[in-house]
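Structure file run18.txt; described as compact mmCIF, C-alpha atoms.
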```
# COMPACT_ATOMS: atom_id res chain seq x y z
CA MET A 852 -77.35 97.20 -4.33
CA LYS A 853 -80.28 99.44 -3.48
CA LEU A 854 -79.19 102.93 -2.57
CA LYS A 855 -80.87 104.67 0.35
CA LYS A 856 -82.83 107.79 -0.53
CA TYR A 857 -81.57 110.81 1.38
CA THR A 858 -84.22 113.45 1.94
CA PRO A 859 -83.33 117.03 2.96
CA THR A 860 -84.37 116.19 6.53
CA LEU A 861 -81.92 113.27 6.67
CA VAL A 862 -79.18 115.41 5.17
CA ALA A 863 -79.80 118.09 7.79
CA ALA A 864 -79.66 115.44 10.53
CA ALA A 865 -76.32 114.21 9.20
CA ILE A 866 -74.96 117.76 9.14
CA ALA A 867 -76.20 118.31 12.70
CA THR A 868 -74.39 115.17 13.82
CA VAL A 869 -71.11 116.48 12.46
CA LEU A 870 -71.59 119.97 13.87
CA LEU A 871 -72.59 118.77 17.33
CA ALA A 872 -69.90 116.14 17.56
CA GLY A 873 -67.23 118.82 17.66
CA PHE A 874 -64.28 116.51 17.04
CA SER A 875 -61.77 119.19 16.15
CA ALA A 876 -58.40 120.04 17.63
CA THR A 877 -59.90 123.01 19.46
CA THR A 878 -62.76 121.14 21.08
CA ILE A 879 -61.10 118.22 22.80
CA SER A 880 -61.40 118.08 26.57
CA ALA A 881 -58.44 118.43 28.88
CA GLU A 882 -58.19 114.65 29.09
CA GLY A 883 -57.93 114.52 25.30
CA SER A 884 -60.52 111.74 25.04
CA ALA A 885 -63.81 113.53 24.41
CA PRO A 886 -65.16 116.77 22.93
CA ALA A 887 -64.96 119.61 25.43
CA LEU A 888 -68.06 121.19 26.92
CA ALA A 889 -69.28 124.09 24.81
CA PRO A 890 -72.06 126.66 24.75
CA LEU A 891 -75.11 125.73 22.71
CA GLY A 892 -75.66 127.48 19.40
CA ASP A 893 -78.76 127.74 17.23
CA PRO A 894 -80.54 124.49 16.38
CA PRO A 895 -80.15 122.98 12.90
CA ILE A 896 -83.20 123.57 10.69
CA PRO A 897 -83.89 121.08 7.87
CA PRO A 898 -84.23 122.78 4.47
CA ASP A 899 -87.51 120.99 3.77
CA ASN A 900 -89.14 122.37 6.94
CA LEU A 901 -88.03 125.95 7.38
CA GLN A 902 -89.30 127.91 10.37
CA THR A 903 -91.99 130.58 10.03
CA PRO A 904 -93.98 132.24 12.84
CA GLU A 905 -97.22 130.97 11.30
CA LYS A 906 -95.95 127.39 11.10
CA ILE A 907 -94.68 127.49 14.68
CA GLU A 908 -98.04 128.82 15.92
CA LEU A 909 -99.90 126.09 14.02
CA GLY A 910 -97.53 123.50 15.47
CA LYS A 911 -98.19 124.84 18.94
CA LEU A 912 -101.92 124.30 18.52
CA LEU A 913 -101.39 120.78 17.19
CA PHE A 914 -98.92 119.92 19.97
CA PHE A 915 -101.60 120.61 22.57
CA ASP A 916 -104.50 119.17 20.57
CA PRO A 917 -105.50 115.63 21.66
CA ARG A 918 -107.37 115.17 18.39
CA ILE A 919 -103.97 114.30 16.93
CA GLY A 920 -104.28 110.78 18.26
CA GLY A 921 -106.58 107.78 18.37
CA ASP A 922 -109.68 108.64 20.41
CA ALA A 923 -109.03 112.40 20.71
CA SER A 924 -107.81 112.05 24.30
CA THR A 925 -104.04 111.76 23.92
CA GLY A 926 -101.87 114.40 22.23
CA CYS A 927 -98.21 115.39 22.36
CA SER A 928 -98.67 117.44 25.52
CA THR A 929 -100.25 114.47 27.30
CA CYS A 930 -96.76 113.02 27.77
CA HIS A 931 -94.82 116.29 27.45
CA GLU A 932 -96.38 118.69 29.95
CA PRO A 933 -94.72 122.15 30.21
CA ASP A 934 -95.04 122.16 34.01
CA GLN A 935 -93.36 118.73 34.22
CA GLY A 936 -90.21 119.64 32.32
CA TRP A 937 -92.01 119.19 28.99
CA ALA A 938 -91.94 115.50 29.91
CA TRP A 939 -93.91 113.43 32.43
CA ALA A 940 -92.90 113.22 36.08
CA GLU A 941 -93.34 109.49 36.63
CA ASP A 942 -91.08 106.55 35.93
CA PHE A 943 -93.03 105.49 32.83
CA SER A 944 -94.73 108.00 30.60
CA ARG A 945 -98.45 108.22 30.28
CA GLY A 946 -99.97 105.80 27.81
CA TYR A 947 -102.97 105.63 25.54
CA PRO A 948 -106.19 104.94 27.53
CA GLY A 949 -106.16 101.33 28.68
CA THR A 950 -102.37 101.14 28.49
CA VAL A 951 -99.28 102.45 30.21
CA HIS A 952 -96.10 103.40 28.39
CA TRP A 953 -92.90 101.45 29.00
CA ARG A 954 -90.18 104.13 28.99
CA ASN A 955 -89.57 107.43 30.71
CA SER A 956 -90.79 110.47 28.79
CA GLN A 957 -87.93 112.63 27.55
CA THR A 958 -88.17 116.41 27.49
CA ILE A 959 -88.96 118.24 24.27
CA ILE A 960 -86.61 121.07 25.26
CA ASN A 961 -83.58 121.08 22.92
CA SER A 962 -84.82 118.01 21.06
CA ALA A 963 -84.14 119.98 17.87
CA TYR A 964 -80.41 119.32 18.21
CA PHE A 965 -80.53 115.54 18.22
CA PRO A 966 -79.76 113.73 14.97
CA ARG A 967 -81.89 110.81 16.18
CA GLN A 968 -84.86 110.69 18.54
CA PHE A 969 -86.11 108.31 21.26
CA TRP A 970 -84.08 106.36 23.80
CA ALA A 971 -82.92 103.84 21.19
CA GLY A 972 -82.63 106.28 18.29
CA SER A 973 -85.48 104.77 16.29
CA ALA A 974 -86.55 108.06 14.65
CA SER A 975 -84.25 110.08 12.40
CA SER A 976 -85.81 113.52 12.97
CA ASN A 977 -88.34 115.50 14.98
CA GLU A 978 -90.81 114.89 12.16
CA LYS A 979 -90.38 111.12 12.40
CA GLN A 980 -90.58 111.28 16.18
CA ALA A 981 -93.88 113.19 16.09
CA LYS A 982 -95.34 110.68 13.67
CA SER A 983 -94.14 107.66 15.66
CA ALA A 984 -95.44 109.01 18.95
CA ALA A 985 -98.84 110.06 17.60
CA LYS A 986 -99.36 106.64 15.99
CA GLY A 987 -97.59 104.42 18.54
CA GLY A 988 -99.72 101.67 20.07
CA VAL A 989 -99.11 102.73 23.68
CA ALA A 990 -98.77 106.46 22.92
CA GLY A 991 -101.14 108.32 20.58
CA ASN A 992 -102.50 105.27 18.74
CA GLY A 993 -103.73 107.50 15.91
CA GLU A 994 -104.72 106.62 12.35
CA ASP A 995 -103.80 108.96 9.49
CA ASP A 996 -107.23 109.13 7.85
CA ILE A 997 -109.10 109.71 11.10
CA MET A 998 -106.74 112.48 12.22
CA GLU A 999 -106.92 114.17 8.81
CA ALA A 1000 -110.72 113.92 8.81
CA ARG A 1001 -110.95 115.60 12.21
CA LEU A 1002 -108.75 118.48 11.08
CA ALA A 1003 -110.78 118.90 7.90
CA LEU A 1004 -113.89 119.47 10.04
CA ILE A 1005 -112.24 122.38 11.87
CA PRO A 1006 -112.47 125.64 9.86
CA GLU A 1007 -109.62 127.31 11.72
CA TYR A 1008 -107.26 124.46 10.87
CA ARG A 1009 -108.31 124.47 7.21
CA LYS A 1010 -107.52 128.18 7.08
CA ARG A 1011 -104.17 127.85 8.84
CA PHE A 1012 -102.96 124.84 6.84
CA LYS A 1013 -103.78 126.65 3.59
CA GLU A 1014 -101.85 129.72 4.73
CA VAL A 1015 -98.83 127.75 5.93
CA PHE A 1016 -98.65 124.84 3.49
CA GLY A 1017 -100.84 125.96 0.58
CA THR A 1018 -103.07 122.88 0.74
CA GLU A 1019 -106.85 122.95 0.41
CA TRP A 1020 -107.20 120.51 3.31
CA PRO A 1021 -104.93 119.64 6.25
CA LEU A 1022 -102.58 116.77 5.38
CA ILE A 1023 -101.13 114.53 8.07
CA PHE A 1024 -97.64 114.83 6.54
CA ASP A 1025 -97.78 118.57 7.24
CA VAL A 1026 -98.98 117.98 10.80
CA TRP A 1027 -95.61 116.45 11.66
CA HIS A 1028 -93.81 119.37 10.03
CA ALA A 1029 -95.80 121.95 11.98
CA ILE A 1030 -95.36 120.17 15.32
CA SER A 1031 -91.63 119.84 14.68
CA ALA A 1032 -91.35 123.55 13.84
CA PHE A 1033 -92.91 124.33 17.22
CA GLU A 1034 -90.61 121.89 19.01
CA ARG A 1035 -87.55 123.49 17.37
CA SER A 1036 -88.57 126.77 18.96
CA LEU A 1037 -88.28 125.20 22.42
CA VAL A 1038 -84.58 125.66 23.07
CA GLN A 1039 -82.59 126.81 26.07
CA LYS A 1040 -79.07 128.04 25.39
CA ASP A 1041 -78.63 130.70 28.08
CA THR A 1042 -77.98 128.54 31.14
CA PRO A 1043 -75.38 129.51 33.75
CA VAL A 1044 -73.00 126.97 32.18
CA ASP A 1045 -73.44 128.52 28.72
CA LYS A 1046 -72.70 131.97 30.13
CA TYR A 1047 -69.66 130.64 31.97
CA LEU A 1048 -68.30 128.95 28.85
CA GLN A 1049 -68.83 132.20 26.95
CA GLY A 1050 -66.58 134.04 29.38
CA ASP A 1051 -68.77 135.15 32.28
CA LYS A 1052 -66.86 133.56 35.15
CA SER A 1053 -69.37 134.89 37.68
CA ALA A 1054 -72.15 132.77 36.16
CA LEU A 1055 -71.22 129.69 38.21
CA SER A 1056 -70.95 129.39 41.98
CA GLU A 1057 -67.75 128.13 43.56
CA GLU A 1058 -69.47 124.80 44.18
CA ALA A 1059 -70.49 124.51 40.53
CA VAL A 1060 -66.95 125.36 39.35
CA ARG A 1061 -65.60 122.59 41.55
CA GLY A 1062 -68.33 120.35 40.18
CA LYS A 1063 -67.25 121.16 36.64
CA ALA A 1064 -63.71 120.02 37.46
CA LEU A 1065 -65.09 116.76 38.86
CA PHE A 1066 -67.35 116.34 35.82
CA GLU A 1067 -64.37 116.65 33.49
CA GLY A 1068 -61.98 114.73 35.73
CA LYS A 1069 -62.48 112.36 38.64
CA ALA A 1070 -66.16 111.63 38.00
CA GLY A 1071 -65.55 111.02 34.29
CA CYS A 1072 -68.99 112.27 33.23
CA ILE A 1073 -67.56 114.02 30.17
CA GLN A 1074 -66.64 110.70 28.60
CA CYS A 1075 -70.26 110.44 27.44
CA HIS A 1076 -71.83 113.77 28.39
CA ASN A 1077 -69.75 116.05 26.23
CA GLY A 1078 -69.85 118.79 23.60
CA ALA A 1079 -72.47 121.50 23.39
CA LEU A 1080 -75.35 119.07 23.80
CA THR A 1081 -73.81 117.22 26.80
CA SER A 1082 -74.37 113.97 24.95
CA ASP A 1083 -72.20 111.98 22.58
CA THR A 1084 -75.52 110.84 21.01
CA ASP A 1085 -74.17 107.28 21.22
CA TYR A 1086 -75.62 104.23 22.96
CA HIS A 1087 -74.23 102.74 26.18
CA ASN A 1088 -75.14 100.19 28.81
CA VAL A 1089 -74.29 102.02 32.04
CA GLY A 1090 -75.74 99.47 34.45
CA VAL A 1091 -79.24 100.88 34.99
CA PRO A 1092 -81.22 98.16 36.81
CA PRO A 1093 -84.63 97.04 35.51
CA ASN A 1094 -87.63 98.82 36.97
CA ILE A 1095 -89.34 96.48 39.43
CA ARG A 1096 -92.66 97.86 38.20
CA TRP A 1097 -92.44 95.20 35.47
CA GLU A 1098 -92.83 92.59 38.21
CA GLU A 1099 -95.76 94.27 39.99
CA ASP A 1100 -97.89 96.15 37.44
CA GLY A 1101 -100.01 93.87 35.26
CA LEU A 1102 -100.77 96.61 32.75
CA ALA A 1103 -97.07 97.42 32.42
CA GLN A 1104 -96.40 93.74 31.79
CA ILE A 1105 -98.90 93.75 28.92
CA THR A 1106 -97.21 96.80 27.43
CA PHE A 1107 -93.83 95.17 27.89
CA ARG A 1108 -94.86 92.04 25.96
CA PHE A 1109 -96.54 94.12 23.26
CA GLU A 1110 -93.37 96.14 22.74
CA GLN A 1111 -91.24 93.00 22.60
CA TYR A 1112 -93.45 91.66 19.85
CA ALA A 1113 -93.74 94.97 17.97
CA LYS A 1114 -89.98 95.44 17.90
CA GLY A 1115 -89.27 92.08 16.28
CA GLN A 1116 -87.99 90.23 19.33
CA THR A 1117 -87.00 86.59 18.77
CA GLU A 1118 -89.29 83.92 20.21
CA GLU A 1119 -86.68 83.04 22.81
CA GLY A 1120 -86.22 86.69 23.71
CA TYR A 1121 -89.95 87.30 23.82
CA ARG A 1122 -90.41 84.48 26.33
CA SER A 1123 -87.41 85.28 28.50
CA ALA A 1124 -87.01 89.08 28.44
CA LYS A 1125 -87.37 90.71 31.83
CA SER A 1126 -86.07 94.16 30.90
CA ASP A 1127 -85.92 96.68 28.09
CA TRP A 1128 -83.25 95.58 25.58
CA GLY A 1129 -82.74 99.06 24.21
CA PHE A 1130 -80.57 99.52 21.13
CA TYR A 1131 -80.74 95.79 20.45
CA TYR A 1132 -84.20 96.25 18.93
CA ARG A 1133 -82.58 98.27 16.15
CA SER A 1134 -79.30 96.43 15.67
CA LYS A 1135 -80.31 92.86 16.68
CA ASN A 1136 -76.76 92.43 17.98
CA LYS A 1137 -76.49 90.74 21.36
CA TRP A 1138 -73.75 93.14 22.45
CA ASP A 1139 -76.23 96.03 22.17
CA ARG A 1140 -78.64 94.67 24.75
CA GLY A 1141 -79.30 97.20 27.50
CA LYS A 1142 -77.78 100.13 25.60
CA PHE A 1143 -79.55 103.48 25.44
CA ARG A 1144 -78.72 106.90 24.06
CA THR A 1145 -76.73 109.18 26.32
CA ALA A 1146 -79.29 111.56 27.77
CA PRO A 1147 -78.49 115.28 27.57
CA LEU A 1148 -78.03 117.09 30.87
CA ARG A 1149 -79.62 120.35 29.77
CA TYR A 1150 -82.88 121.28 31.53
CA ILE A 1151 -82.20 118.40 33.91
CA ALA A 1152 -83.43 120.28 37.00
CA TYR A 1153 -87.00 119.97 35.71
CA THR A 1154 -87.06 116.50 34.16
CA ALA A 1155 -87.02 113.98 37.02
CA PRO A 1156 -87.23 111.02 37.19
CA TYR A 1157 -84.13 109.91 35.32
CA MET A 1158 -82.86 107.07 33.10
CA HIS A 1159 -84.76 105.31 30.32
CA ASN A 1160 -87.04 103.60 32.84
CA GLY A 1161 -87.31 106.42 35.37
CA VAL A 1162 -85.80 104.28 38.09
CA PHE A 1163 -84.11 107.23 39.88
CA TYR A 1164 -86.17 110.16 41.12
CA THR A 1165 -83.40 112.56 42.23
CA LEU A 1166 -80.00 113.68 41.00
CA GLU A 1167 -78.61 112.46 44.32
CA GLU A 1168 -79.75 108.93 43.46
CA VAL A 1169 -78.17 109.21 40.02
CA ILE A 1170 -74.81 110.38 41.41
CA ASP A 1171 -74.83 107.65 44.07
CA PHE A 1172 -75.57 105.08 41.37
CA TYR A 1173 -72.55 106.11 39.31
CA ASP A 1174 -70.39 106.48 42.41
CA ARG A 1175 -71.07 102.83 43.26
CA GLY A 1176 -69.97 101.82 39.76
CA GLY A 1177 -73.38 101.35 38.18
CA PHE A 1178 -75.21 99.61 41.05
CA ASP A 1179 -78.25 100.84 42.94
CA GLU A 1180 -78.34 100.84 46.73
CA GLU A 1181 -79.63 97.26 46.72
CA GLY A 1182 -76.70 96.12 44.59
CA ARG A 1183 -78.75 95.70 41.42
CA THR A 1184 -77.32 96.50 38.01
CA THR A 1185 -78.24 95.96 34.36
CA ALA A 1186 -79.84 92.73 33.20
CA PHE A 1187 -76.95 92.47 30.74
CA PRO A 1188 -73.79 92.88 32.85
CA GLU A 1189 -71.71 91.41 30.01
CA ASN A 1190 -72.51 94.54 27.99
CA LYS A 1191 -71.91 97.04 30.76
CA SER A 1192 -69.60 99.83 29.66
CA PRO A 1193 -66.02 99.59 30.99
CA LEU A 1194 -66.25 103.34 31.60
CA ILE A 1195 -68.56 102.68 34.55
CA LYS A 1196 -66.55 101.99 37.70
CA PRO A 1197 -66.58 103.10 41.36
CA LEU A 1198 -65.65 106.77 41.69
CA GLY A 1199 -64.92 107.23 45.39
CA LEU A 1200 -66.66 110.61 45.63
CA SER A 1201 -67.01 112.32 49.00
CA ASP A 1202 -70.30 113.86 50.10
CA GLU A 1203 -68.90 117.32 49.36
CA GLU A 1204 -67.81 116.26 45.89
CA LYS A 1205 -71.26 114.84 45.19
CA ALA A 1206 -72.86 118.12 46.26
CA ASP A 1207 -70.47 120.09 44.02
CA LEU A 1208 -71.22 117.83 41.09
CA ILE A 1209 -74.97 118.31 41.54
CA ALA A 1210 -74.47 122.09 41.74
CA PHE A 1211 -72.80 121.95 38.32
CA LEU A 1212 -75.48 119.71 36.84
CA GLU A 1213 -78.23 122.04 38.05
CA ALA A 1214 -76.41 124.94 36.37
CA TYR A 1215 -77.27 123.33 33.04
CA SER A 1216 -80.85 124.52 33.61
CA GLY A 1217 -81.96 128.11 33.15
CA GLU A 1218 -85.36 129.58 33.92
CA GLU A 1219 -88.19 127.09 33.57
CA ILE A 1220 -89.82 127.40 30.13
CA MET A 1221 -93.53 127.89 30.57
CA ILE A 1222 -96.18 128.94 28.06
CA GLU A 1223 -99.89 129.45 28.28
CA LYS A 1224 -101.72 126.55 26.70
CA PRO A 1225 -103.55 127.75 23.59
CA GLU A 1226 -107.31 127.76 23.13
CA LEU A 1227 -107.97 125.03 20.60
CA PRO A 1228 -110.17 125.68 17.55
CA GLU A 1229 -113.59 124.07 17.45
CA TYR A 1230 -115.27 121.84 14.91
CA ALA A 1231 -117.56 123.46 12.36
CA PRO A 1232 -121.10 123.79 13.77
CA LEU A 1233 -123.66 121.26 12.59
CA PHE A 1234 -126.06 124.07 11.73
CA THR A 1235 -125.57 127.62 10.45
CA LYS A 1236 -126.52 130.58 12.57
CA ALA A 1237 -129.53 131.22 10.34
CA GLU A 1238 -130.69 127.63 10.69
CA LEU A 1239 -130.42 127.80 14.47
CA GLU A 1240 -132.38 131.08 14.59
CA ALA A 1241 -135.05 129.62 12.36
CA ALA A 1242 -135.34 126.60 14.62
CA GLN A 1243 -135.72 128.84 17.67
CA GLU A 1244 -138.50 130.85 15.98
CA ALA A 1245 -140.33 127.66 15.00
CA LYS A 1246 -140.62 126.56 18.63
```

Go through the file and emit its structure as structure tokens.
Amino acid sequence: MKLKKYTPTLVAAAIATVLLAGFSATTISAEGSAPALAPLGDPPIPPDNLQTPEKIELGKLLFFDPRIGGDASTGCSTCHEPDQGWAWAEDFSRGYPGTVHWRNSQTIINSAYFPRQFWAGSASSNEKQAKSAAKGGVAGNGEDDIMEARLALIPEYRKRFKEVFGTEWPLIFDVWHAISAFERSLVQKDTPVDKYLQGDKSALSEEAVRGKALFEGKAGCIQCHNGALTSDTDYHNVGVPPNIRWEEDGLAQITFRFEQYAKGQTEEGYRSAKSDWGFYYRSKNKWDRGKFRTAPLRYIAYTAPYMHNGVFYTLEEVIDFYDRGGFDEEGRTTAFPENKSPLIKPLGLSDEEKADLIAFLEAYSGEEIMIEKPELPEYAPLFTKAELEAAQEAK
């Protein structure tokens, strides 16, 4: 039997999973079925990618630099804009030129805490996520050698990579480490809910306190949205209906078929699929069709639209969807109703209860995190200053 190699990053991810799960006698919710809500602590840092101010600053530059991609037009920030919740405010994320993405862009904020990345958990760390996104066919579409060559032609990057990583030239492996270090600095753990859970009972409004009781009780949200991260980091089919954009947008249909092929879909599935099969692409088990990772609720006030396919544009729509038992207002539900979670059932919430619940959800967002986009370093000039002056004199 071949043993799997466990790198320090994977070990750190495993430790983070245990720490965030919180399954101890003191962290079980009042219902006794899920970890209780808790304030967020410091993010786990993998021992093979320790944080330094210089590494974070380098990662910040690279995060906003579209040269980390295929044709130097599409970088991390293309799909994760600070003024759009560090995500993208449309149903599907932006795609590489000539394409459109096929899933909703998730926020970078607090991504450091997740043991696995992406809607179906296909990346085991921030480093793997950065690599997958930068090289993905409908995302960055980059090639390692081209991206490294570009960086090597930029004196400022050569200087910074040598200072941070000790290499004579920028290496693509270190690009992912620097970007991840920057992303791990983007955390928000001082929301009104965090303050309330730490003992400041004035941090939440009366409406939000009532909403918290609904969240943990009648509405049943805590069954999946629990612990410090407000996510069990597991995969569920909650009834989200397919996005009708698949039926109307020719470019989206091309992306959809490409992704089906790229993810090893069966021939039958490739020909018949009309929706995103989610966790199935990893497990290849039919009972995992339509399952996606429980999205965290932190920073949710800034990250609309919601769900893996961005089918709901407001929190009101999301609450109504769950209140109906996992059906939209047209009665549509998941393409795989046989896999729909038994936890999803009609809630019977009143309008006042829905408003209270939304007040609590919004309290999971603090001040919007905004930064000034950095000025990116330039390529080395084709001619030296002396050569340019000599050319001017010769005219």

Between A:Arg1035, A:Lys1196, A:Lys1052, A:Lys1246, which is the closest to Pro904 in chain A once you count all atoms listed in the file?
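When distances to Pro904 in chain A are compared using all atoms listed in the file, the smallest one comes from A:Arg1035.
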
So, counting all atoms listed in the file, which residue among A:Ile1105, A:Cys930, A:Ala889, A:Val1015 is closest to Thr903 in chain A?
A:Val1015

Which value, in Å to one decimal, gives the distance between CA of Ala1113 in chain A and CA of Thr1185 in chain A?
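Going from CA of Ala1113 in chain A over to CA of Thr1185 in chain A, I get 22.6 Å.
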
Minimum-distance residue to Arg1140 in chain A, chosen among A:Ala1103, A:Ile896, A:Val1089, A:Ile1170 (using only C-alpha atoms)
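Closest to Arg1140 in chain A of all the choices is A:Val1089.
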
So, counting only C-alpha atoms, which residue among A:His1087, A:Arg1175, A:Arg1149, A:Lys1224 is closest to Lys1191 in chain A?
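When distances to Lys1191 in chain A are compared using only C-alpha atoms, the smallest one comes from A:His1087.
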
7 Å contact set for range 936-946 of chain A, all atoms listed in the file, chain neighbours under 2 positions out, as a CSV table (one decimal) with C-alpha atoms, keeping the file's coordinate frame:
```csv
chain,number,residue,atom,x,y,z
A,930,CYS,CA,-96.8,113.0,27.8
A,931,HIS,CA,-94.8,116.3,27.4
A,932,GLU,CA,-96.4,118.7,30.0
A,933,PRO,CA,-94.7,122.2,30.2
A,934,ASP,CA,-95.0,122.2,34.0
A,948,PRO,CA,-106.2,104.9,27.5
A,950,THR,CA,-102.4,101.1,28.5
A,951,VAL,CA,-99.3,102.4,30.2
A,952,HIS,CA,-96.1,103.4,28.4
A,953,TRP,CA,-92.9,101.4,29.0
A,954,ARG,CA,-90.2,104.1,29.0
A,955,ASN,CA,-89.6,107.4,30.7
A,956,SER,CA,-90.8,110.5,28.8
A,957,GLN,CA,-87.9,112.6,27.6
A,958,THR,CA,-88.2,116.4,27.5
A,959,ILE,CA,-89.0,118.2,24.3
A,960,ILE,CA,-86.6,121.1,25.3
A,989,VAL,CA,-99.1,102.7,23.7
A,990,ALA,CA,-98.8,106.5,22.9
A,1153,TYR,CA,-87.0,120.0,35.7
A,1154,THR,CA,-87.1,116.5,34.2
A,1155,ALA,CA,-87.0,114.0,37.0
A,1156,PRO,CA,-87.2,111.0,37.2
A,1160,ASN,CA,-87.0,103.6,32.8
A,1161,GLY,CA,-87.3,106.4,35.4
A,1162,VAL,CA,-85.8,104.3,38.1
```

Rounded to one decimal place, report the CA of Ala1152 in chain A-CA of Ala981 in chain A distance in Å.
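For CA of Ala1152 in chain A relative to CA of Ala981 in chain A, the distance reads 24.4 Å.
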
Using all atoms listed in the file, find the one residue out of A:Gly1177, A:Gly991, A:Pro1232, A:Pro1147 that sits nearest to Asp916 in chain A.
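Comparing A:Gly1177, A:Gly991, A:Pro1232, A:Pro1147 against Asp916 in chain A, the winner is A:Gly991.
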
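A straight line drawn from CA of Asp1083 in chain A to CA of Ser1192 in chain A is 14.3 Å long.
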
Closest of A:Pro1228, A:Pro1006, A:Pro890, A:Gly988 to Gly1050 in chain A, counting all atoms listed in the file, is A:Pro890

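Residues with any atom within 12 Å of the point (-66.6, 102.9, 33.6), counting all atoms listed in the file, are Lys1069, Ala1070, Gly1071, Cys1072, Ile1073, Gln1074, Cys1075, His1087, Asn1088, Val1089, Gly1090, Tyr1173, Asp1174, Arg1175, Gly1176, Gly1177, Phe1178, Asn1190, Lys1191, Ser1192, Pro1193, Leu1194, Ile1195, Lys1196, Pro1197 and Leu1198 of chain A.
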
For range 1005-1020 of chain A, write N, CA and C atoms out as a short mmCIF file (atom, residue, chain, number, x, y, z; two decimals), in the first residue's frame.
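Result file follows (out_5.cif):
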```cif
data_model
loop_
_atom_site.label_atom_id
_atom_site.label_comp_id
_atom_site.auth_asym_id
_atom_site.auth_seq_id
_atom_site.Cartn_x
_atom_site.Cartn_y
_atom_site.Cartn_z
N ILE A 1005 11.33 41.57 -13.88
CA ILE A 1005 10.91 42.71 -13.06
C ILE A 1005 11.90 42.85 -11.90
N PRO A 1006 12.81 43.83 -11.94
CA PRO A 1006 13.85 43.96 -10.92
C PRO A 1006 13.32 43.99 -9.49
N GLU A 1007 12.21 44.68 -9.28
CA GLU A 1007 11.67 44.79 -7.93
C GLU A 1007 11.26 43.42 -7.39
N TYR A 1008 10.70 42.59 -8.23
CA TYR A 1008 10.32 41.25 -7.79
C TYR A 1008 11.55 40.39 -7.52
N ARG A 1009 12.59 40.50 -8.37
CA ARG A 1009 13.80 39.74 -8.11
C ARG A 1009 14.38 40.09 -6.75
N LYS A 1010 14.37 41.37 -6.45
CA LYS A 1010 14.89 41.85 -5.17
C LYS A 1010 14.05 41.32 -4.01
N ARG A 1011 12.76 41.42 -4.13
CA ARG A 1011 11.87 41.02 -3.03
C ARG A 1011 11.89 39.49 -2.82
N PHE A 1012 11.88 38.73 -3.88
CA PHE A 1012 11.90 37.27 -3.74
C PHE A 1012 13.22 36.82 -3.09
N LYS A 1013 14.32 37.47 -3.42
CA LYS A 1013 15.60 37.11 -2.80
C LYS A 1013 15.59 37.43 -1.32
N GLU A 1014 14.99 38.57 -0.95
CA GLU A 1014 14.92 38.95 0.46
C GLU A 1014 14.01 38.02 1.25
N VAL A 1015 12.90 37.62 0.66
CA VAL A 1015 11.90 36.83 1.38
C VAL A 1015 12.23 35.34 1.35
N PHE A 1016 12.61 34.84 0.19
CA PHE A 1016 12.79 33.40 0.01
C PHE A 1016 14.24 32.96 -0.21
N GLY A 1017 15.14 33.93 -0.42
CA GLY A 1017 16.55 33.60 -0.59
C GLY A 1017 16.90 33.02 -1.93
N THR A 1018 16.03 33.16 -2.92
CA THR A 1018 16.28 32.61 -4.25
C THR A 1018 16.82 33.70 -5.17
N GLU A 1019 17.64 33.29 -6.13
CA GLU A 1019 18.23 34.26 -7.06
C GLU A 1019 17.18 34.80 -8.02
N TRP A 1020 16.18 33.96 -8.33
CA TRP A 1020 15.10 34.34 -9.24
C TRP A 1020 13.77 33.96 -8.60
#
```
